[in-house]
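What's in start.pdb: PDB, C-alpha atoms, pLDDT in the B column
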```pdb
ATOM      1  CA  ASP I1357       0.000   0.000   0.000  1.00 63.00           C
ATOM      2  CA  ALA I1358       1.169   3.514  -0.730  1.00 81.00           C
ATOM      3  CA  GLY I1359       2.173   5.640   2.209  1.00 93.00           C
ATOM      4  CA  VAL I1360       1.227   9.239   2.808  1.00 97.00           C
ATOM      5  CA  THR I1361       2.055  11.233  -0.285  1.00 97.00           C
ATOM      6  CA  GLN I1362       2.709  14.954  -0.393  1.00 98.00           C
ATOM      7  CA  SER I1363       3.242  17.406  -3.185  1.00 97.00           C
ATOM      8  CA  PRO I1364       5.187  19.327  -4.144  1.00 98.00           C
ATOM      9  CA  THR I1365       8.306  17.974  -2.472  1.00 97.00           C
ATOM     10  CA  HIS I1366      10.246  21.213  -2.806  1.00 97.00           C
ATOM     11  CA  LEU I1367       9.201  24.714  -3.658  1.00 97.00           C
ATOM     12  CA  ILE I1368      10.579  28.209  -3.541  1.00 98.00           C
ATOM     13  CA  LYS I1369       8.388  31.264  -3.063  1.00 98.00           C
ATOM     14  CA  THR I1370       8.936  34.921  -2.380  1.00 98.00           C
ATOM     15  CA  ARG I1371       7.577  36.960   0.488  1.00 98.00           C
ATOM     16  CA  GLY I1372       3.933  37.863   0.124  1.00 98.00           C
ATOM     17  CA  GLN I1373       3.093  34.987  -2.174  1.00 98.00           C
ATOM     18  CA  HIS I1374       0.648  32.212  -1.476  1.00 98.00           C
ATOM     19  CA  VAL I1375       1.306  28.478  -1.378  1.00 98.00           C
ATOM     20  CA  THR I1376      -0.868  25.361  -1.488  1.00 98.00           C
ATOM     21  CA  LEU I1377       0.467  22.049  -0.259  1.00 98.00           C
ATOM     22  CA  ARG I1378      -1.296  18.767  -0.896  1.00 98.00           C
ATOM     23  CA  CYS I1379      -1.508  15.508   0.965  1.00 98.00           C
ATOM     24  CA  SER I1380      -3.030  12.113   0.278  1.00 97.00           C
ATOM     25  CA  PRO I1381      -3.352   9.890   3.338  1.00 96.00           C
ATOM     26  CA  ILE I1382      -2.834   6.171   3.463  1.00 95.00           C
ATOM     27  CA  SER I1383      -5.835   4.379   2.018  1.00 93.00           C
ATOM     28  CA  GLY I1384      -8.432   3.905   4.743  1.00 89.00           C
ATOM     29  CA  HIS I1385      -7.029   6.647   6.967  1.00 90.00           C
ATOM     30  CA  LYS I1386      -9.576   9.357   7.577  1.00 90.00           C
ATOM     31  CA  SER I1387      -7.624  11.633   9.886  1.00 90.00           C
ATOM     32  CA  VAL I1388      -5.045  14.025   8.483  1.00 94.00           C
ATOM     33  CA  SER I1389      -2.801  16.348  10.452  1.00 95.00           C
ATOM     34  CA  TRP I1390      -0.372  19.021   9.352  1.00 97.00           C
ATOM     35  CA  TYR I1391       2.865  19.895  11.101  1.00 97.00           C
ATOM     36  CA  GLN I1392       5.519  22.520  10.497  1.00 98.00           C
ATOM     37  CA  GLN I1393       9.133  21.624  11.179  1.00 97.00           C
ATOM     38  CA  VAL I1394      11.665  24.397  11.226  1.00 96.00           C
ATOM     39  CA  LEU I1395      15.300  23.367  10.892  1.00 92.00           C
ATOM     40  CA  GLY I1396      16.662  22.137  14.203  1.00 90.00           C
ATOM     41  CA  GLN I1397      13.256  21.919  15.871  1.00 94.00           C
ATOM     42  CA  GLY I1398      10.639  19.245  16.342  1.00 95.00           C
ATOM     43  CA  PRO I1399       7.430  19.304  14.299  1.00 96.00           C
ATOM     44  CA  GLN I1400       4.778  21.767  15.466  1.00 96.00           C
ATOM     45  CA  PHE I1401       1.097  21.001  15.152  1.00 95.00           C
ATOM     46  CA  ILE I1402      -0.833  23.179  12.715  1.00 97.00           C
ATOM     47  CA  PHE I1403      -4.162  21.442  11.997  1.00 94.00           C
ATOM     48  CA  GLN I1404      -6.015  18.198  12.316  1.00 92.00           C
ATOM     49  CA  TYR I1405      -8.913  17.186  10.093  1.00 93.00           C
ATOM     50  CA  TYR I1406     -11.222  14.237  10.416  1.00 89.00           C
ATOM     51  CA  GLU I1407     -14.194  13.531   8.205  1.00 85.00           C
ATOM     52  CA  LYS I1408     -13.676  16.898   6.526  1.00 88.00           C
ATOM     53  CA  GLU I1409     -14.047  18.810   9.777  1.00 90.00           C
ATOM     54  CA  GLU I1410     -11.336  20.725  11.562  1.00 92.00           C
ATOM     55  CA  ARG I1411     -10.698  18.979  14.862  1.00 88.00           C
ATOM     56  CA  GLY I1412      -7.723  20.901  16.113  1.00 89.00           C
ATOM     57  CA  ARG I1413      -5.697  23.983  15.415  1.00 92.00           C
ATOM     58  CA  GLY I1414      -2.279  24.926  16.681  1.00 93.00           C
ATOM     59  CA  ASN I1415      -0.868  28.367  17.452  1.00 94.00           C
ATOM     60  CA  PHE I1416      -0.531  29.580  13.910  1.00 97.00           C
ATOM     61  CA  PRO I1417      -1.835  32.823  12.410  1.00 97.00           C
ATOM     62  CA  ASP I1418      -4.914  33.013  10.244  1.00 97.00           C
ATOM     63  CA  ARG I1419      -2.679  33.085   7.191  1.00 98.00           C
ATOM     64  CA  PHE I1420      -2.636  29.322   7.584  1.00 98.00           C
ATOM     65  CA  SER I1421      -5.728  27.428   6.523  1.00 97.00           C
ATOM     66  CA  ALA I1422      -6.534  23.905   5.480  1.00 97.00           C
ATOM     67  CA  ARG I1423      -9.316  21.700   4.313  1.00 96.00           C
ATOM     68  CA  GLN I1424     -10.064  18.047   3.795  1.00 96.00           C
ATOM     69  CA  PHE I1425     -11.858  16.638   0.799  1.00 96.00           C
ATOM     70  CA  PRO I1426     -14.414  13.798   0.561  1.00 95.00           C
ATOM     71  CA  ASN I1427     -11.649  11.395  -0.459  1.00 94.00           C
ATOM     72  CA  TYR I1428      -9.790  12.388   2.766  1.00 95.00           C
ATOM     73  CA  SER I1429      -6.979  14.144   0.943  1.00 97.00           C
ATOM     74  CA  SER I1430      -6.080  17.533   2.321  1.00 97.00           C
ATOM     75  CA  GLU I1431      -4.656  20.899   1.373  1.00 98.00           C
ATOM     76  CA  LEU I1432      -2.708  23.343   3.480  1.00 98.00           C
ATOM     77  CA  ASN I1433      -2.759  26.941   2.339  1.00 98.00           C
ATOM     78  CA  VAL I1434      -0.471  29.692   3.523  1.00 98.00           C
ATOM     79  CA  ASN I1435      -1.089  33.282   2.463  1.00 98.00           C
ATOM     80  CA  ALA I1436       1.176  36.312   2.577  1.00 98.00           C
ATOM     81  CA  LEU I1437       4.298  34.223   3.042  1.00 98.00           C
ATOM     82  CA  LEU I1438       6.965  35.415   5.441  1.00 98.00           C
ATOM     83  CA  LEU I1439      10.607  34.419   5.600  1.00 97.00           C
ATOM     84  CA  GLY I1440       9.827  32.584   8.829  1.00 97.00           C
ATOM     85  CA  ASP I1441       7.433  30.269   7.018  1.00 98.00           C
ATOM     86  CA  SER I1442      10.413  28.498   5.484  1.00 98.00           C
ATOM     87  CA  ALA I1443      10.175  24.984   6.842  1.00 98.00           C
ATOM     88  CA  LEU I1444       9.382  21.369   6.143  1.00 98.00           C
ATOM     89  CA  TYR I1445       5.618  20.887   6.120  1.00 98.00           C
ATOM     90  CA  LEU I1446       4.634  17.412   7.132  1.00 98.00           C
ATOM     91  CA  CYS I1447       1.321  15.724   6.614  1.00 97.00           C
ATOM     92  CA  ALA I1448       0.399  12.736   8.747  1.00 95.00           C
ATOM     93  CA  SER I1449      -2.494  10.343   8.708  1.00 93.00           C
ATOM     94  CA  ARG I1450      -3.738   7.706  11.054  1.00 88.00           C
ATOM     95  CA  ARG I1451      -6.397   5.045  11.070  1.00 81.00           C
ATOM     96  CA  ALA I1452      -9.422   5.202  13.318  1.00 72.00           C
ATOM     97  CA  GLN I1453      -8.423   2.003  15.115  1.00 72.00           C
ATOM     98  CA  GLY I1454      -4.908   3.144  15.686  1.00 68.00           C
ATOM     99  CA  ILE I1455      -3.496   4.452  18.916  1.00 72.00           C
ATOM    100  CA  THR I1456      -3.230   8.134  19.631  1.00 73.00           C
ATOM    101  CA  GLY I1457       0.260   9.219  18.820  1.00 80.00           C
ATOM    102  CA  GLU I1458       0.756   6.652  16.097  1.00 86.00           C
ATOM    103  CA  LEU I1459       1.012   8.834  13.036  1.00 91.00           C
ATOM    104  CA  PHE I1460       2.259   7.991   9.584  1.00 94.00           C
ATOM    105  CA  PHE I1461       4.064  10.916   8.041  1.00 96.00           C
ATOM    106  CA  GLY I1462       4.660  11.798   4.439  1.00 97.00           C
ATOM    107  CA  GLU I1463       8.095  12.880   3.295  1.00 96.00           C
ATOM    108  CA  GLY I1464       7.044  16.484   3.522  1.00 97.00           C
ATOM    109  CA  SER I1465       7.018  19.585   1.382  1.00 98.00           C
ATOM    110  CA  ARG I1466      10.119  21.684   1.848  1.00 97.00           C
ATOM    111  CA  LEU I1467       9.196  25.346   1.469  1.00 98.00           C
ATOM    112  CA  THR I1468      11.776  28.076   1.072  1.00 98.00           C
ATOM    113  CA  VAL I1469      10.606  31.678   1.220  1.00 98.00           C
ATOM    114  CA  LEU I1470      13.001  34.254  -0.196  1.00 97.00           C
TER     115      LEU I1470
ATOM    116  CA  ARG Q 504       8.669  25.016  31.700  1.00 75.00           C
ATOM    117  CA  LYS Q 505       8.286  23.730  28.165  1.00 82.00           C
ATOM    118  CA  GLU Q 506       5.677  21.034  27.545  1.00 89.00           C
ATOM    119  CA  VAL Q 507       8.314  18.628  26.288  1.00 93.00           C
ATOM    120  CA  GLU Q 508      12.053  19.088  26.696  1.00 94.00           C
ATOM    121  CA  GLN Q 509      14.919  17.097  25.295  1.00 94.00           C
ATOM    122  CA  ASP Q 510      18.669  17.445  25.364  1.00 87.00           C
ATOM    123  CA  PRO Q 511      19.398  18.370  21.735  1.00 85.00           C
ATOM    124  CA  GLY Q 512      22.814  16.710  21.820  1.00 85.00           C
ATOM    125  CA  PRO Q 513      24.577  15.873  19.646  1.00 91.00           C
ATOM    126  CA  PHE Q 514      25.477  12.559  21.195  1.00 94.00           C
ATOM    127  CA  ASN Q 515      28.485  11.036  19.450  1.00 96.00           C
ATOM    128  CA  VAL Q 516      28.774   7.418  20.503  1.00 96.00           C
ATOM    129  CA  PRO Q 517      31.105   4.619  19.333  1.00 97.00           C
ATOM    130  CA  GLU Q 518      29.539   1.662  17.612  1.00 98.00           C
ATOM    131  CA  GLY Q 519      28.562  -1.056  20.056  1.00 97.00           C
ATOM    132  CA  ALA Q 520      28.144   1.274  22.999  1.00 97.00           C
ATOM    133  CA  THR Q 521      25.012   1.884  25.032  1.00 97.00           C
ATOM    134  CA  VAL Q 522      23.439   5.309  24.939  1.00 96.00           C
ATOM    135  CA  ALA Q 523      20.511   6.785  26.782  1.00 95.00           C
ATOM    136  CA  PHE Q 524      18.732  10.093  26.626  1.00 90.00           C
ATOM    137  CA  ASN Q 525      15.828  11.607  28.474  1.00 93.00           C
ATOM    138  CA  CYS Q 526      12.762  13.628  27.759  1.00 95.00           C
ATOM    139  CA  THR Q 527      10.903  15.613  30.416  1.00 95.00           C
ATOM    140  CA  TYR Q 528       7.250  16.601  30.184  1.00 93.00           C
ATOM    141  CA  SER Q 529       5.312  19.207  32.093  1.00 92.00           C
ATOM    142  CA  ASN Q 530       1.740  17.870  32.205  1.00 89.00           C
ATOM    143  CA  SER Q 531       1.445  15.304  34.975  1.00 87.00           C
ATOM    144  CA  ALA Q 532      -1.875  14.120  33.511  1.00 87.00           C
ATOM    145  CA  SER Q 533      -0.204  12.794  30.354  1.00 86.00           C
ATOM    146  CA  GLN Q 534      -0.839   9.089  29.984  1.00 84.00           C
ATOM    147  CA  SER Q 535       1.036   7.945  26.923  1.00 86.00           C
ATOM    148  CA  PHE Q 536       4.324   8.798  25.343  1.00 91.00           C
ATOM    149  CA  PHE Q 537       6.102   8.021  22.132  1.00 93.00           C
ATOM    150  CA  TRP Q 538       9.548   8.022  20.633  1.00 96.00           C
ATOM    151  CA  TYR Q 539       9.858   8.822  16.962  1.00 97.00           C
ATOM    152  CA  ARG Q 540      12.987   8.505  14.870  1.00 97.00           C
ATOM    153  CA  GLN Q 541      13.826  10.984  12.134  1.00 97.00           C
ATOM    154  CA  ASP Q 542      16.648  10.401   9.696  1.00 96.00           C
ATOM    155  CA  CYS Q 543      18.347  13.401   8.135  1.00 93.00           C
ATOM    156  CA  ARG Q 544      15.962  15.230   5.810  1.00 89.00           C
ATOM    157  CA  LYS Q 545      13.359  12.484   6.137  1.00 94.00           C
ATOM    158  CA  GLU Q 546       9.991  12.192   7.829  1.00 96.00           C
ATOM    159  CA  PRO Q 547       9.569  11.089  11.459  1.00 96.00           C
ATOM    160  CA  LYS Q 548       8.677   7.449  12.006  1.00 96.00           C
ATOM    161  CA  LEU Q 549       7.243   5.863  15.125  1.00 94.00           C
ATOM    162  CA  LEU Q 550       9.865   3.924  17.059  1.00 95.00           C
ATOM    163  CA  MET Q 551       8.226   3.013  20.353  1.00 93.00           C
ATOM    164  CA  SER Q 552       5.275   3.769  22.577  1.00 90.00           C
ATOM    165  CA  VAL Q 553       5.307   3.920  26.374  1.00 90.00           C
ATOM    166  CA  TYR Q 554       2.141   3.529  28.416  1.00 84.00           C
ATOM    167  CA  SER Q 555       3.103   2.164  31.769  1.00 80.00           C
ATOM    168  CA  SER Q 556       6.507   1.741  33.294  1.00 76.00           C
ATOM    169  CA  GLY Q 557       8.285   0.863  30.103  1.00 86.00           C
ATOM    170  CA  ASN Q 558       8.580  -0.976  26.834  1.00 90.00           C
ATOM    171  CA  GLU Q 559      11.332  -3.026  25.247  1.00 92.00           C
ATOM    172  CA  ASP Q 560      11.860  -3.874  21.603  1.00 93.00           C
ATOM    173  CA  GLY Q 561      15.099  -5.612  20.793  1.00 96.00           C
ATOM    174  CA  ARG Q 562      17.980  -3.275  21.505  1.00 97.00           C
ATOM    175  CA  PHE Q 563      15.658  -0.417  22.407  1.00 97.00           C
ATOM    176  CA  THR Q 564      14.126   0.192  25.825  1.00 96.00           C
ATOM    177  CA  ALA Q 565      11.822   3.047  26.705  1.00 95.00           C
ATOM    178  CA  GLN Q 566      11.101   3.763  30.353  1.00 94.00           C
ATOM    179  CA  LEU Q 567       8.664   6.077  32.079  1.00 93.00           C
ATOM    180  CA  ASN Q 568       9.190   7.757  35.423  1.00 92.00           C
ATOM    181  CA  ARG Q 569       5.890   9.405  36.342  1.00 91.00           C
ATOM    182  CA  ALA Q 570       7.120  10.761  39.659  1.00 91.00           C
ATOM    183  CA  SER Q 571       9.864  12.754  37.986  1.00 92.00           C
ATOM    184  CA  GLN Q 572       7.906  13.239  34.759  1.00 92.00           C
ATOM    185  CA  TYR Q 573      10.431  11.971  32.300  1.00 92.00           C
ATOM    186  CA  ILE Q 574      10.781   9.192  29.775  1.00 94.00           C
ATOM    187  CA  SER Q 575      14.034   7.746  28.612  1.00 95.00           C
ATOM    188  CA  LEU Q 576      15.231   5.854  25.581  1.00 96.00           C
ATOM    189  CA  LEU Q 577      18.068   3.359  25.923  1.00 97.00           C
ATOM    190  CA  ILE Q 578      19.830   1.901  22.915  1.00 97.00           C
ATOM    191  CA  ARG Q 579      22.095  -1.073  23.504  1.00 98.00           C
ATOM    192  CA  ASP Q 580      24.806  -2.356  21.166  1.00 98.00           C
ATOM    193  CA  SER Q 581      24.403   0.718  18.974  1.00 98.00           C
ATOM    194  CA  LYS Q 582      24.704   0.348  15.205  1.00 98.00           C
ATOM    195  CA  LEU Q 583      25.741   2.848  12.583  1.00 97.00           C
ATOM    196  CA  SER Q 584      22.162   2.729  11.321  1.00 97.00           C
ATOM    197  CA  ASP Q 585      20.939   4.093  14.659  1.00 98.00           C
ATOM    198  CA  SER Q 586      22.320   7.511  13.715  1.00 97.00           C
ATOM    199  CA  ALA Q 587      19.276   9.760  13.606  1.00 97.00           C
ATOM    200  CA  THR Q 588      17.355  12.347  15.572  1.00 97.00           C
ATOM    201  CA  TYR Q 589      15.085  10.900  18.245  1.00 97.00           C
ATOM    202  CA  LEU Q 590      11.932  12.860  18.955  1.00 97.00           C
ATOM    203  CA  CYS Q 591       9.956  12.586  22.159  1.00 96.00           C
ATOM    204  CA  VAL Q 592       6.197  12.946  21.636  1.00 94.00           C
ATOM    205  CA  VAL Q 593       3.444  13.599  24.155  1.00 89.00           C
ATOM    206  CA  PRO Q 594      -0.237  13.514  23.139  1.00 85.00           C
ATOM    207  CA  PRO Q 595      -2.860  15.553  25.004  1.00 79.00           C
ATOM    208  CA  PRO Q 596      -3.808  13.966  28.359  1.00 76.00           C
ATOM    209  CA  ARG Q 597      -7.388  13.296  27.350  1.00 68.00           C
ATOM    210  CA  SER Q 598      -6.774  12.675  23.708  1.00 61.00           C
ATOM    211  CA  TYR Q 599      -9.251  10.853  21.586  1.00 61.00           C
ATOM    212  CA  PHE Q 600      -9.637  10.278  17.912  1.00 59.00           C
ATOM    213  CA  GLY Q 601     -10.044  13.772  16.569  1.00 58.00           C
ATOM    214  CA  ASN Q 602      -8.148  15.547  19.335  1.00 63.00           C
ATOM    215  CA  GLU Q 603      -4.583  14.662  18.772  1.00 72.00           C
ATOM    216  CA  LYS Q 604      -2.406  17.701  18.964  1.00 83.00           C
ATOM    217  CA  LEU Q 605       0.889  15.967  19.466  1.00 89.00           C
ATOM    218  CA  THR Q 606       3.651  17.915  21.138  1.00 92.00           C
ATOM    219  CA  PHE Q 607       7.093  17.040  19.863  1.00 95.00           C
ATOM    220  CA  GLY Q 608      10.337  17.732  21.610  1.00 95.00           C
ATOM    221  CA  THR Q 609      13.134  19.401  19.701  1.00 95.00           C
ATOM    222  CA  GLY Q 610      14.804  16.038  19.229  1.00 95.00           C
ATOM    223  CA  THR Q 611      18.085  14.509  20.341  1.00 95.00           C
ATOM    224  CA  ARG Q 612      20.620  14.043  17.604  1.00 95.00           C
ATOM    225  CA  LEU Q 613      22.591  10.799  17.799  1.00 96.00           C
ATOM    226  CA  THR Q 614      25.623   9.920  15.713  1.00 96.00           C
ATOM    227  CA  ILE Q 615      27.162   6.459  15.958  1.00 97.00           C
ATOM    228  CA  ILE Q 616      30.865   6.540  15.194  1.00 97.00           C
ATOM    229  CA  PRO Q 617      32.560   3.534  13.523  1.00 95.00           C
TER     230      PRO Q 617
END
```
Just give me the structure as structure tokens.
Amino acid sequence: DAGVTQSPTHLIKTRGQHVTLRCSPISGHKSVSWYQQVLGQGPQFIFQYYEKEERGRGNFPDRFSARQFPNYSSELNVNALLLGDSALYLCASRRAQGITGELFFGEGSRLTVL
Amino acid sequence: RKEVEQDPGPFNVPEGATVAFNCTYSNSASQSFFWYRQDCRKEPKLLMSVYSSGNEDGRFTAQLNRASQYISLLIRDSKLSDSATYLCVVPPPRSYFGNEKLTFGTGTRLTIIP
């Protein structure tokens, strides 16, 4: 079975631009979470979606938004990019029967803001 | 006090040695804990979970000390392939499917030297 897939894998943007990152969870996984990982730090929680509803939001500004589609794939949108948004954006999914904390991560989208 | 704290290292350890590192957490109500492994420029992957006093899986042992609010990870007979960053993860105390804001530590970087 395919793992969590994310696209694009790398991208470069300039300040003020907008970016959309995409994630497809493992087949059968209905929960998708987004994390931001800045170099040298652990991942930080941004959003969690389950059954197309937002179930959790981390301490990120309103420039960050996300949604989940009927097929459980998800998009993360970031508006008005800042230099500090440069990071690895990780998407993770988990199955309903799985244990809390057991997430399956994609390889991430590495965003550089110039 | 940070929610989850780890010694960032780096730990440089000769092959075959035993290495241990700790992770402290601030919320005494936390019930479960996880260690994730992250290879350089890769996604985090679940290594071990800890629910009660500890867990052992081959060369890896995770222990929980609730009184002092820390978990530890012990690696015996270390291999070159153990070189990675080890992330301590604490879910919310009353987490349930749909409320899973995981808090990651900054990670402990381990390098096994030949």
Query - Distance-based interface of chain Q with chain I, 9 Å, counting all atoms listed in the file, as a list in words - result: Pro511, Ser535, Phe536, Phe537, Arg544, Lys545, Glu546, Pro547, Lys548, Leu549, Ser552, Leu590, Cys591, Val592, Val593, Pro594, Ser598, Tyr599, Phe600, Gly601, Asn602, Glu603, Lys604, Leu605, Thr606, Phe607, Gly608, Thr609 and Gly610 of chain Q
If you keep C-alpha atoms, can you produce a file of those selected residues as a PDB file, in the coordinates of the input?
```
ATOM      1  CA  PRO Q 511      19.398  18.370  21.735  1.00 85.00           C
ATOM      2  CA  SER Q 535       1.036   7.945  26.923  1.00 86.00           C
ATOM      3  CA  PHE Q 536       4.324   8.798  25.343  1.00 91.00           C
ATOM      4  CA  PHE Q 537       6.102   8.021  22.132  1.00 93.00           C
ATOM      5  CA  ARG Q 544      15.962  15.230   5.810  1.00 89.00           C
ATOM      6  CA  LYS Q 545      13.359  12.484   6.137  1.00 94.00           C
ATOM      7  CA  GLU Q 546       9.991  12.192   7.829  1.00 96.00           C
ATOM      8  CA  PRO Q 547       9.569  11.089  11.459  1.00 96.00           C
ATOM      9  CA  LYS Q 548       8.677   7.449  12.006  1.00 96.00           C
ATOM     10  CA  LEU Q 549       7.243   5.863  15.125  1.00 94.00           C
ATOM     11  CA  SER Q 552       5.275   3.769  22.577  1.00 90.00           C
ATOM     12  CA  LEU Q 590      11.932  12.860  18.955  1.00 97.00           C
ATOM     13  CA  CYS Q 591       9.956  12.586  22.159  1.00 96.00           C
ATOM     14  CA  VAL Q 592       6.197  12.946  21.636  1.00 94.00           C
ATOM     15  CA  VAL Q 593       3.444  13.599  24.155  1.00 89.00           C
ATOM     16  CA  PRO Q 594      -0.237  13.514  23.139  1.00 85.00           C
ATOM     17  CA  SER Q 598      -6.774  12.675  23.708  1.00 61.00           C
ATOM     18  CA  TYR Q 599      -9.251  10.853  21.586  1.00 61.00           C
ATOM     19  CA  PHE Q 600      -9.637  10.278  17.912  1.00 59.00           C
ATOM     20  CA  GLY Q 601     -10.044  13.772  16.569  1.00 58.00           C
ATOM     21  CA  ASN Q 602      -8.148  15.547  19.335  1.00 63.00           C
ATOM     22  CA  GLU Q 603      -4.583  14.662  18.772  1.00 72.00           C
ATOM     23  CA  LYS Q 604      -2.406  17.701  18.964  1.00 83.00           C
ATOM     24  CA  LEU Q 605       0.889  15.967  19.466  1.00 89.00           C
ATOM     25  CA  THR Q 606       3.651  17.915  21.138  1.00 92.00           C
ATOM     26  CA  PHE Q 607       7.093  17.040  19.863  1.00 95.00           C
ATOM     27  CA  GLY Q 608      10.337  17.732  21.610  1.00 95.00           C
ATOM     28  CA  THR Q 609      13.134  19.401  19.701  1.00 95.00           C
ATOM     29  CA  GLY Q 610      14.804  16.038  19.229  1.00 95.00           C
TER      30      GLY Q 610
END
```
Report as a short mmCIF file (atom, residue, chain, number, x, y, z; two decimals) with C-alpha atoms, in the frame of the given file all protein, DNA and RNA residues lying within 9 Å of Q:Asp510, evaluated on only C-alpha atoms, omitting residues in the same chain fewer than 5 positions from it.
```cif
data_model
loop_
_atom_site.label_atom_id
_atom_site.label_comp_id
_atom_site.auth_asym_id
_atom_site.auth_seq_id
_atom_site.Cartn_x
_atom_site.Cartn_y
_atom_site.Cartn_z
CA PHE Q 524 18.73 10.09 26.63
CA ASN Q 525 15.83 11.61 28.47
CA CYS Q 526 12.76 13.63 27.76
CA THR Q 609 13.13 19.40 19.70
CA GLY Q 610 14.80 16.04 19.23
CA THR Q 611 18.08 14.51 20.34
CA ARG Q 612 20.62 14.04 17.60
#
```
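By chain and then residue number, the residues within 8 Å of I:Asn1433 are His1374, Val1375, Thr1376, Leu1377, Arg1419, Phe1420, Ser1421 and Ala1422 of chain I, counting all atoms listed in the file and disregarding those fewer than 5 positions away in sequence.
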Requested in this report: Step by step, work through what the PyMOL selection byres ((chain I and resi 1360-1372) around 6) selects in the shown file, and finish by giving those residues as a PyMOL selection string.
Outcome: chain I and resi 1359+1373+1378-1382+1436-1438+1462+1465-1470
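What separates atom CA of Q:Val516 from atom CA of Q:Ala587 is a distance of 12.0 Å.
One distance worth recording is that between atom CA of Q:Ser586 and atom CA of Q:Gly561, which is 16.6 Å.
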Report task. Take atom CA of Q:Met551 and atom CA of Q:Ala565 and report the distance between them in Å, one decimal. Result -> 7.3 Å
If I wrap all listed atoms of stretch 1364-1369 of chain I in a box with edges along x, y and z and add 5 Å on each side, what are its centre and edge lengths in Å to one decimal, as lines of an AutoDock Vina configuration file?
```
center_x = 7.9
center_y = 24.6
center_z = -3.3
size_x = 15.4
size_y = 23.3
size_z = 11.7
```
Query raised in the report: Is there a way to get, as a ChimeraX atom specification, all residues within 6 Å of the point (8.6, 11.6, 31.2) in file coordinates, counting only C-alpha atoms?
Result: /Q:526-528,567-568,572-574
Which residues come within 10 Å of Q:Asn530, counting all atoms listed in the file, excluding same-chain residues fewer than 6 positions away, as a short mmCIF file (atom, residue, chain, number, x, y, z; two decimals) with C-alpha atoms, in the frame of the given file?
```cif
data_model
loop_
_atom_site.label_atom_id
_atom_site.label_comp_id
_atom_site.auth_asym_id
_atom_site.auth_seq_id
_atom_site.Cartn_x
_atom_site.Cartn_y
_atom_site.Cartn_z
CA ARG Q 504 8.67 25.02 31.70
CA LYS Q 505 8.29 23.73 28.16
CA GLU Q 506 5.68 21.03 27.54
CA VAL Q 507 8.31 18.63 26.29
CA GLN Q 572 7.91 13.24 34.76
CA VAL Q 593 3.44 13.60 24.16
CA PRO Q 595 -2.86 15.55 25.00
CA PRO Q 596 -3.81 13.97 28.36
#
```
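Take the candidates Q:Leu550, Q:Ala532, Q:Val522, Q:Cys543 and check each one against Q:Arg569 using only C-alpha atoms; the shortest distance goes to Q:Ala532.
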